[in-house]
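So the structure is just underneath, and the comments pick up after that.
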Amino acid sequence: MRDFLDDLEQRLAVMAEQHPELRASEPPQRSRRRPAILGAIAALLAAIAAALTMTGTSLADLPILDTPTRDASGIKERVPDVARAGVDFSQAHAFETPGGPGYVLVNKDRQVLCVVVPDPDAPGDYGNSCSPIAKVERAGMLTEMVGDLGTDPDATSLATFVLPEDAKAVRLQTGDRTTEPTVQDGVVVLDITEESTLSWTVDGRPGRLLLEGPFPETTSITFECPDGTMASTDEVPSARTPEEANQAMKRLRRELC
């Protein structure tokens with residue numbers, strides 16, 4: 001870097017001799033000139049980054065985004081949260097799931113990534129998640145539809161995870177069993193029957209994700225009411241996603257208290 005700066009200073013000096021109008025009335029001292037040059041370089045890099053963003057170019061390099069695209073505009077009305085994220089449904093990247101094709105979509109400035117997964121038990125319904133692409137590259141992104149053993153003794157949970165870039169050694173730990181799940185262009189789709197842990201490495205650094213699995217068939221739920229009394233029930237509210245489960249728990253608390 002020092003040789004580069006010295007060479008750059010010499011070039012600037014030559015330019016100043018050839019173009020007197022570029023000279024400063026009081027040339028700055030050498031100790032002050034280096035920070036100025038470094039600042040100019042930083043400004044140039046920032047301008048390049050801004051130009052890339054303005055032209056819609058993303059620095060994201062997730063494998064799924066390198067796959068061919070297809071038009072998924074037909075599901076737009078069924079996933080309003082994803083539609084509000086501004087993604088381009090006509091440029092969807094597809095992957096296979098038990099309920100049919102799932103999709104990875106990005107918004108028009110290629111800064112937000114969304115995953116849409118069809119519910120295998122309810123045709124026409126979809127699970128979805130959205131996150132900044134930069135965050136997905138660092139930590140991945142999960143979309144999970146949690147089954148309910150209280151209503152279906154054969155219930156499973158469908159977990160779709162977009163792995164971070166360059167993820168390797170992908171493993172699924174369920175109890176004392178370890179398996180290697182199939183990875184589709186950086187996306188892993190798991191149909192699990194109990195709590196499991198997905199693990200991977202990126203450049204030797206380990207990553208782990210706990211997958212809930214189906215809700216237990218019977219669970220004792222206890223709430224503390226506003227008046228300090230306790231209320232409990234053995235009934236588990238039916239829910240397909242963690243969000244629905246949270247809402248169901250709030251309704252149950254109001255009913256019990």
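Chain labels run A, B, ... following the order of the structure tokens; each chain numbers its residues from 1, and ligands are numbered from 1 in the order shown.
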Exercise. Which residues come within 8 Å of segment 61-64 of chain A, counting only C-alpha atoms, excluding same-chain residues fewer than 5 positions away, as a PyMOL selection string?
Worked result: chain A and resi 93+104+137+164-165+184-187
Generate the output file for the selected residues, N, CA and C atoms, as an mmCIF file, in the first residue's frame.
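And here's again_20.cif as it stands now:
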data_model
loop_
_atom_site.group_PDB
_atom_site.id
_atom_site.type_symbol
_atom_site.label_atom_id
_atom_site.label_comp_id
_atom_site.auth_asym_id
_atom_site.auth_seq_id
_atom_site.Cartn_x
_atom_site.Cartn_y
_atom_site.Cartn_z
ATOM 1 N N HIS A 93 -36.896 -18.528 -8.349
ATOM 2 C CA HIS A 93 -35.984 -19.668 -8.416
ATOM 3 C C HIS A 93 -36.646 -20.837 -7.679
ATOM 4 N N VAL A 104 -37.666 -19.316 -4.221
ATOM 5 C CA VAL A 104 -36.844 -18.275 -3.621
ATOM 6 C C VAL A 104 -36.954 -17.062 -4.530
ATOM 7 N N GLU A 137 -26.857 -14.803 3.884
ATOM 8 C CA GLU A 137 -25.505 -15.269 3.576
ATOM 9 C C GLU A 137 -24.715 -15.576 4.846
ATOM 10 N N PRO A 164 -26.254 -20.867 4.430
ATOM 11 C CA PRO A 164 -25.333 -19.767 4.127
ATOM 12 C C PRO A 164 -24.425 -20.139 2.962
ATOM 13 N N GLU A 165 -23.873 -19.141 2.334
ATOM 14 C CA GLU A 165 -22.966 -19.376 1.212
ATOM 15 C C GLU A 165 -21.769 -20.234 1.639
ATOM 16 N N GLN A 184 -30.317 -28.949 -2.264
ATOM 17 C CA GLN A 184 -30.658 -28.546 -3.630
ATOM 18 C C GLN A 184 -30.204 -27.110 -3.873
ATOM 19 N N ASP A 185 -29.083 -26.944 -4.540
ATOM 20 C CA ASP A 185 -28.601 -25.590 -4.847
ATOM 21 C C ASP A 185 -28.571 -24.701 -3.608
ATOM 22 N N GLY A 186 -28.072 -25.252 -2.515
ATOM 23 C CA GLY A 186 -27.959 -24.472 -1.296
ATOM 24 C C GLY A 186 -29.218 -24.431 -0.453
ATOM 25 N N VAL A 187 -30.251 -25.201 -0.819
ATOM 26 C CA VAL A 187 -31.505 -25.255 -0.060
ATOM 27 C C VAL A 187 -31.709 -26.689 0.430
#
For Lys135 of chain A, list every protein, DNA or RNA residue within 12 Å, evaluated using only C-alpha atoms, and leave out those in the same chain fewer than 6 positions away; present the list as a count of residues only.
12
query: Can you tell me, as a count of residues only, what residues are no more than 12 Å from segment 78-90 of chain A when counting only C-alpha atoms, ignoring any on the same chain fewer than 4 positions away?
result: 35
Residues flagged strand (DSSP E or B) by DSSP in segment 39-165 of chain A, as a PyMOL selection string: chain A and resi 69-70+87+92-97+100-107+112-118+126-132+141-145+148+157-162
Review point. Got a sec: who's within 9 Å of Glu180 of chain A, counting only C-alpha atoms, leaving out chain neighbours fewer than 2 positions off, as a ChimeraX atom specification?
Key: /A:169-172,178,182-183
